[in-house]
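Taking it in order: structure first as structure tokens, then the write-up.
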Amino acid sequence: MQVVTSTQDMQRIADATRASDRRIGLVPTMGFLHEGHMSLVEAIRESCSLLALSIFVNPMQFGPSEDFTAYPRDIDRDLAMAEARGCDLVFLPSTDEMYPDGFQTSIDVRTLSLPLEGEFRPGHFRGVATIVAKLFNIVKPHVAVFGQKDAQQSILIRRMARDLNLDVDIVIAPIVREPDGLAMSSRNTYLSPDERAEALAISRSLHAAEALHAGGCRDALEISAAVMAELNRTGRIKVEYVRIVDADALVPIQAFDPRQAALVAVAARVGTTRLIDNTILNRTAMP
Ligand code: PAF
């Protein structure tokens, strides 16, 4: 497995790979890899012949009071894991390499950046869209994969790729959960054993939404109330939002349209750890 730290070297490798008619696949990550990331690797393995994984903790997507400095990092472990799972290349740039002196350009996916995470993390998606566009220009993938766990991010990147005619297929891979239901996330490492147990209310709350919908309920207010009730049951989770929105446009849904897939998105703090999770109702109508 090659480890590439310079953008110029990466672009040269990408050009040579493309010139020899090989397909490049990219798994963009911020490192501290877990099985969720490995499922992204698996999701595109068959559709590319150079499987690249990038590791970059992107300062531009963290707010001033967020956990950029504390964000968990373990490069040696990450490299071993990527190699063991058959990645061909890891792109591991420094912050100076990605944001050299004088850097001043950003990408705004305007409307999709505003609701949900955008309400609580202003500027976050500007950072995400900008770094992902840079990664696409540097690694030059034919296909790139993002996790459904970060539903809004995936939708927004798909929109950006369409809007900017980026020549890359965007694959969205399903959420990977621990056996007890907790969605995998690098931030789970912040949770104490008690907090981890409390955090299970998040996936339980989404199951409540799925069960109500499966039982025929089509009232978004009733479904959000059930989600909220489950989250508030322990009294130790601080809910930031529960939203039911169109799974493509992210606009609120009141009454379900059978032709519309609905994203039920939750953000909550367990102790000081902020977790997000989601489920899709009426998945067959996904765009
Ligand atoms: O999902 C993430 O890990 C990050 O937001 C991404 C897509 C790698 C961009 O920094």
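Here's how to read the names in the structure tokens: chain A, B, ... by the order shown, residue numbers from 1 in each chain, ligand numbers from 1 in the order shown.
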
Using only C-alpha atoms and all ligand atoms, find each residue with an atom at most 7 Å away from ligand 1 and format the answer as a ChimeraX atom specification.
-> /A:28-30,56-58,128,131-132,146,150

Could you pull out all residues of range 22-176 of chain A with a DSSP call of strand (DSSP E) and give them as JSON, numbers by chain?
-> {"A": [24, 25, 26, 27, 28, 29, 50, 51, 52, 53, 54, 55, 89, 90, 91, 143, 144, 145, 146, 147, 169, 170, 171, 172, 173]}

Save the residues we just selected, N, CA, C and O atoms, as an mmCIF file, in the first residue's frame?
```cif
data_model
loop_
_atom_site.group_PDB
_atom_site.id
_atom_site.type_symbol
_atom_site.label_atom_id
_atom_site.label_comp_id
_atom_site.auth_asym_id
_atom_site.auth_seq_id
_atom_site.Cartn_x
_atom_site.Cartn_y
_atom_site.Cartn_z
ATOM 1 N N ILE A 24 -10.392 4.700 -10.500
ATOM 2 C CA ILE A 24 -9.985 5.092 -9.139
ATOM 3 C C ILE A 24 -11.229 5.199 -8.264
ATOM 4 O O ILE A 24 -12.221 5.824 -8.646
ATOM 5 N N GLY A 25 -11.155 4.582 -7.086
ATOM 6 C CA GLY A 25 -12.230 4.723 -6.098
ATOM 7 C C GLY A 25 -11.677 5.462 -4.889
ATOM 8 O O GLY A 25 -10.534 5.239 -4.491
ATOM 9 N N LEU A 26 -12.482 6.339 -4.312
ATOM 10 C CA LEU A 26 -12.012 7.122 -3.156
ATOM 11 C C LEU A 26 -12.970 6.970 -1.975
ATOM 12 O O LEU A 26 -14.184 7.123 -2.114
ATOM 13 N N VAL A 27 -12.378 6.691 -0.814
ATOM 14 C CA VAL A 27 -13.117 6.692 0.458
ATOM 15 C C VAL A 27 -12.559 7.861 1.280
ATOM 16 O O VAL A 27 -11.495 7.737 1.886
ATOM 17 N N PRO A 28 -13.251 9.007 1.288
ATOM 18 C CA PRO A 28 -12.735 10.139 2.067
ATOM 19 C C PRO A 28 -13.048 9.939 3.553
ATOM 20 O O PRO A 28 -14.190 9.615 3.906
ATOM 21 N N THR A 29 -12.048 10.108 4.427
ATOM 22 C CA THR A 29 -12.283 9.944 5.870
ATOM 23 C C THR A 29 -11.494 10.991 6.643
ATOM 24 O O THR A 29 -10.594 11.629 6.097
ATOM 25 N N LEU A 50 -8.040 0.950 -8.489
ATOM 26 C CA LEU A 50 -7.145 1.570 -7.500
ATOM 27 C C LEU A 50 -8.030 2.114 -6.382
ATOM 28 O O LEU A 50 -8.819 3.036 -6.590
ATOM 29 N N LEU A 51 -7.920 1.463 -5.233
ATOM 30 C CA LEU A 51 -8.794 1.807 -4.111
ATOM 31 C C LEU A 51 -8.023 2.737 -3.173
ATOM 32 O O LEU A 51 -7.057 2.321 -2.523
ATOM 33 N N ALA A 52 -8.429 4.005 -3.153
ATOM 34 C CA ALA A 52 -7.706 5.006 -2.354
ATOM 35 C C ALA A 52 -8.569 5.428 -1.168
ATOM 36 O O ALA A 52 -9.798 5.553 -1.289
ATOM 37 N N LEU A 53 -7.914 5.642 -0.037
ATOM 38 C CA LEU A 53 -8.620 6.136 1.147
ATOM 39 C C LEU A 53 -7.869 7.390 1.591
ATOM 40 O O LEU A 53 -6.635 7.391 1.633
ATOM 41 N N SER A 54 -8.595 8.473 1.843
ATOM 42 C CA SER A 54 -7.896 9.674 2.303
ATOM 43 C C SER A 54 -8.152 9.860 3.794
ATOM 44 O O SER A 54 -9.234 9.522 4.303
ATOM 45 N N ILE A 55 -7.133 10.361 4.474
ATOM 46 C CA ILE A 55 -7.251 10.659 5.906
ATOM 47 C C ILE A 55 -6.829 12.100 6.085
ATOM 48 O O ILE A 55 -5.668 12.463 5.843
ATOM 49 N N LEU A 89 -3.912 2.565 -1.684
ATOM 50 C CA LEU A 89 -3.237 3.839 -1.467
ATOM 51 C C LEU A 89 -3.943 4.608 -0.356
ATOM 52 O O LEU A 89 -5.173 4.591 -0.278
ATOM 53 N N VAL A 90 -3.156 5.261 0.498
ATOM 54 C CA VAL A 90 -3.737 6.206 1.456
ATOM 55 C C VAL A 90 -3.183 7.585 1.135
ATOM 56 O O VAL A 90 -1.963 7.776 1.025
ATOM 57 N N PHE A 91 -4.093 8.538 0.956
ATOM 58 C CA PHE A 91 -3.680 9.934 0.771
ATOM 59 C C PHE A 91 -3.760 10.609 2.129
ATOM 60 O O PHE A 91 -4.832 10.674 2.738
ATOM 61 N N VAL A 143 -15.187 7.038 -8.803
ATOM 62 C CA VAL A 143 -16.278 6.756 -7.872
ATOM 63 C C VAL A 143 -15.821 7.130 -6.456
ATOM 64 O O VAL A 143 -14.657 6.922 -6.100
ATOM 65 N N ALA A 144 -16.725 7.728 -5.674
ATOM 66 C CA ALA A 144 -16.397 8.056 -4.280
ATOM 67 C C ALA A 144 -17.585 7.657 -3.423
ATOM 68 O O ALA A 144 -18.738 7.701 -3.876
ATOM 69 N N VAL A 145 -17.303 7.267 -2.183
ATOM 70 C CA VAL A 145 -18.370 6.732 -1.344
ATOM 71 C C VAL A 145 -18.473 7.512 -0.038
ATOM 72 O O VAL A 145 -17.456 7.887 0.556
ATOM 73 N N PHE A 146 -19.708 7.749 0.385
ATOM 74 C CA PHE A 146 -19.989 8.462 1.635
ATOM 75 C C PHE A 146 -21.027 7.651 2.409
ATOM 76 O O PHE A 146 -21.785 6.878 1.823
ATOM 77 N N GLY A 147 -21.052 7.848 3.737
ATOM 78 C CA GLY A 147 -21.940 7.041 4.565
ATOM 79 C C GLY A 147 -23.295 7.713 4.787
ATOM 80 O O GLY A 147 -23.375 8.931 4.989
ATOM 81 N N ASP A 169 -18.895 9.315 -9.760
ATOM 82 C CA ASP A 169 -20.130 8.678 -9.263
ATOM 83 C C ASP A 169 -20.108 8.722 -7.748
ATOM 84 O O ASP A 169 -19.110 8.315 -7.133
ATOM 85 N N ILE A 170 -21.219 9.173 -7.168
ATOM 86 C CA ILE A 170 -21.298 9.229 -5.707
ATOM 87 C C ILE A 170 -22.123 8.033 -5.225
ATOM 88 O O ILE A 170 -23.291 7.890 -5.597
ATOM 89 N N VAL A 171 -21.501 7.208 -4.398
ATOM 90 C CA VAL A 171 -22.193 6.053 -3.812
ATOM 91 C C VAL A 171 -22.487 6.386 -2.350
ATOM 92 O O VAL A 171 -21.631 6.957 -1.657
ATOM 93 N N ILE A 172 -23.703 6.066 -1.906
ATOM 94 C CA ILE A 172 -24.045 6.296 -0.496
ATOM 95 C C ILE A 172 -24.263 4.927 0.150
ATOM 96 O O ILE A 172 -25.130 4.163 -0.273
ATOM 97 N N ALA A 173 -23.433 4.624 1.149
ATOM 98 C CA ALA A 173 -23.456 3.286 1.756
ATOM 99 C C ALA A 173 -24.250 3.314 3.065
ATOM 100 O O ALA A 173 -24.229 4.314 3.787
#
```

Residues at most 8 Å from range 120-126 of chain A, counting only C-alpha atoms, excluding those fewer than 4 positions away in the same chain, as a PyMOL selection string?
-> chain A and resi 60-63+106-109+113-114+116+130+153+240

Using only C-alpha atoms, find the one residue out of A:Ser49, A:Thr279, A:Thr189, A:Ser205 that sits nearest to Ala70 in chain A.
->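 Of A:Ser49, A:Thr279, A:Thr189, A:Ser205, the one nearest Ala70 in chain A is A:Thr189, counting only C-alpha atoms.
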
Residues flagged alpha helix (DSSP H) by DSSP in range 29-241 of chain A, as an MDAnalysis selection string | chainID A and resid 35:45 75:84 95:98 117:120 124:139 151:163 193:214 220:232

Using only C-alpha atoms, the shortest atom-to-atom distance to Leu263 in chain A among A:Arg204, A:Arg187, A:Lys149, A:Arg12 belongs to A:Lys149

Enter the distance from CA of Val245 in chain A to CA of Glu230 in chain A, in Å, rounded to one decimal.
-> 19.3 Å

What's the 9 Å shell around Arg236 in chain A, counting only C-alpha atoms, without same-chain residues fewer than 4 positions away, as a CSV table (one decimal) with N, CA, C and O atoms, in the first residue's frame?
```csv
chain,number,residue,atom,x,y,z
A,195,GLU,N,-22.6,6.6,29.5
A,195,GLU,CA,-23.1,7.4,28.4
A,195,GLU,C,-23.4,6.6,27.2
A,195,GLU,O,-24.4,6.8,26.4
A,198,GLU,N,-26.6,5.1,27.6
A,198,GLU,CA,-27.7,6.1,27.4
A,198,GLU,C,-27.9,6.4,25.9
A,198,GLU,O,-29.0,6.6,25.4
A,231,LEU,N,-36.3,9.5,23.2
A,231,LEU,CA,-35.0,10.2,23.5
A,231,LEU,C,-35.0,10.8,24.9
A,231,LEU,O,-34.0,10.8,25.6
A,232,ASN,N,-36.2,11.3,25.3
A,232,ASN,CA,-36.3,11.9,26.6
A,232,ASN,C,-36.5,11.0,27.8
A,232,ASN,O,-36.6,11.4,28.9
A,269,ARG,N,-27.0,15.4,22.3
A,269,ARG,CA,-25.7,15.3,23.1
A,269,ARG,C,-25.9,14.3,24.3
A,269,ARG,O,-26.9,14.4,25.0
A,270,VAL,N,-24.9,13.5,24.4
A,270,VAL,CA,-24.9,12.5,25.5
A,270,VAL,C,-23.7,12.9,26.3
A,270,VAL,O,-22.5,12.8,25.8
A,271,GLY,N,-23.9,13.5,27.5
A,271,GLY,CA,-22.7,14.2,28.2
A,271,GLY,C,-22.3,15.3,27.3
A,271,GLY,O,-23.1,16.1,26.8
```

Surrounding residues of Met184 in chain A excluding itself and chain neighbours under 2 positions, 12 Å, only C-alpha atoms, as a PDB file with C-alpha atoms, in the first residue's frame:
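Result saved to around10.pdb:
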```pdb
ATOM      1  CA  PHE A  32      -9.703   6.955  13.441  1.00  0.00           C
ATOM      2  CA  LEU A  33     -11.067   4.222  11.239  1.00  0.00           C
ATOM      3  CA  HIS A  34     -13.727   1.765  12.325  1.00  0.00           C
ATOM      4  CA  GLU A  35     -15.942  -0.855  10.674  1.00  0.00           C
ATOM      5  CA  GLY A  36     -18.212   1.891   9.329  1.00  0.00           C
ATOM      6  CA  HIS A  37     -15.295   3.167   7.215  1.00  0.00           C
ATOM      7  CA  MET A  38     -14.420  -0.385   6.202  1.00  0.00           C
ATOM      8  CA  SER A  39     -17.967  -0.865   4.920  1.00  0.00           C
ATOM      9  CA  GLY A 147     -21.940   7.041   4.565  1.00  0.00           C
ATOM     10  CA  GLN A 148     -25.692   7.379   5.087  1.00  0.00           C
ATOM     11  CA  LYS A 149     -24.850   8.061   8.746  1.00  0.00           C
ATOM     12  CA  ASP A 150     -23.968  11.626   7.647  1.00  0.00           C
ATOM     13  CA  PRO A 174     -25.815   2.155   4.551  1.00  0.00           C
ATOM     14  CA  ILE A 175     -25.245   2.979   8.230  1.00  0.00           C
ATOM     15  CA  VAL A 176     -23.182   0.394  10.112  1.00  0.00           C
ATOM     16  CA  ARG A 177     -24.296  -0.239  13.688  1.00  0.00           C
ATOM     17  CA  GLU A 178     -22.748  -1.918  16.710  1.00  0.00           C
ATOM     18  CA  PRO A 179     -24.603  -5.135  17.678  1.00  0.00           C
ATOM     19  CA  ASP A 180     -26.625  -3.114  20.242  1.00  0.00           C
ATOM     20  CA  GLY A 181     -27.754  -0.567  17.640  1.00  0.00           C
ATOM     21  CA  LEU A 182     -25.386   2.377  18.224  1.00  0.00           C
ATOM     22  CA  SER A 186     -15.223   7.945  15.581  1.00  0.00           C
ATOM     23  CA  ARG A 187     -16.825  10.176  18.236  1.00  0.00           C
ATOM     24  CA  ASN A 188     -18.258   7.137  20.124  1.00  0.00           C
ATOM     25  CA  THR A 189     -14.806   6.889  21.673  1.00  0.00           C
ATOM     26  CA  ARG A 196     -22.703   4.720  25.787  1.00  0.00           C
ATOM     27  CA  ALA A 199     -26.829   6.742  23.728  1.00  0.00           C
ATOM     28  CA  LEU A 200     -28.748   3.612  22.700  1.00  0.00           C
ATOM     29  CA  SER A 203     -31.269   4.141  17.679  1.00  0.00           C
ATOM     30  CA  LEU A 275     -24.081  12.268  18.114  1.00  0.00           C
ATOM     31  CA  ILE A 276     -26.164  12.160  14.955  1.00  0.00           C
ATOM     32  CA  ASP A 277     -28.170   9.303  13.504  1.00  0.00           C
TER      33      ASP A 277
END
```

Determine, counting only C-alpha atoms, which protein, DNA and RNA residues have an atom within 8 Å of an atom of range 5-8 of chain A; residues of the same chain fewer than 2 positions away are not included. Present the result as a ChimeraX atom specification.
-> /A:3,10-12,91-94,97-98,138

Atom pair CA of Asp101 in chain A + CA of Arg73 in chain A, distance 24.4 Å

Contact residues around Asn282 in chain A with only C-alpha atoms at 7 Å, ignoring same-chain residues under 3 positions, as a PyMOL selection string | chain A and resi 260-262+285

Give me a file of those residues, with N, CA, C and O atoms, as a CSV table (one decimal), in the first residue's frame.
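The resulting file, part-v1.csv, is reproduced below:
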```csv
chain,number,residue,atom,x,y,z
A,260,GLN,N,-42.6,9.9,-1.8
A,260,GLN,CA,-41.5,10.6,-1.2
A,260,GLN,C,-40.8,9.8,-0.1
A,260,GLN,O,-41.5,9.3,0.7
A,261,ALA,N,-39.5,9.7,-0.2
A,261,ALA,CA,-38.8,9.1,0.9
A,261,ALA,C,-38.5,10.2,2.0
A,261,ALA,O,-38.3,11.3,1.6
A,262,ALA,N,-38.7,9.8,3.2
A,262,ALA,CA,-38.5,10.7,4.3
A,262,ALA,C,-37.3,10.4,5.2
A,262,ALA,O,-37.1,9.2,5.6
A,285,ALA,N,-38.8,4.9,-2.3
A,285,ALA,CA,-39.0,6.1,-3.1
A,285,ALA,C,-37.8,7.0,-3.2
A,285,ALA,O,-37.8,8.1,-3.7
```

Closest of A:Thr95, A:Leu281, A:Pro141, A:Ile244 to Gly216 in chain A - atom-to-atom distances counting only C-alpha atoms |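 Ranking A:Thr95, A:Leu281, A:Pro141, A:Ile244 by distance to Gly216 in chain A, first place goes to A:Leu281.
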
Return the single residue from A:Arg18, A:Met1, A:Phe136, A:Lys238 that is closest to Ala84 in chain A, with distances computed using only C-alpha atoms.
->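 Closest candidate: A:Met1.
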
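Here CA of Pro100 in chain A stands at a distance of 17.3 Å from CA of Val4 in chain A.
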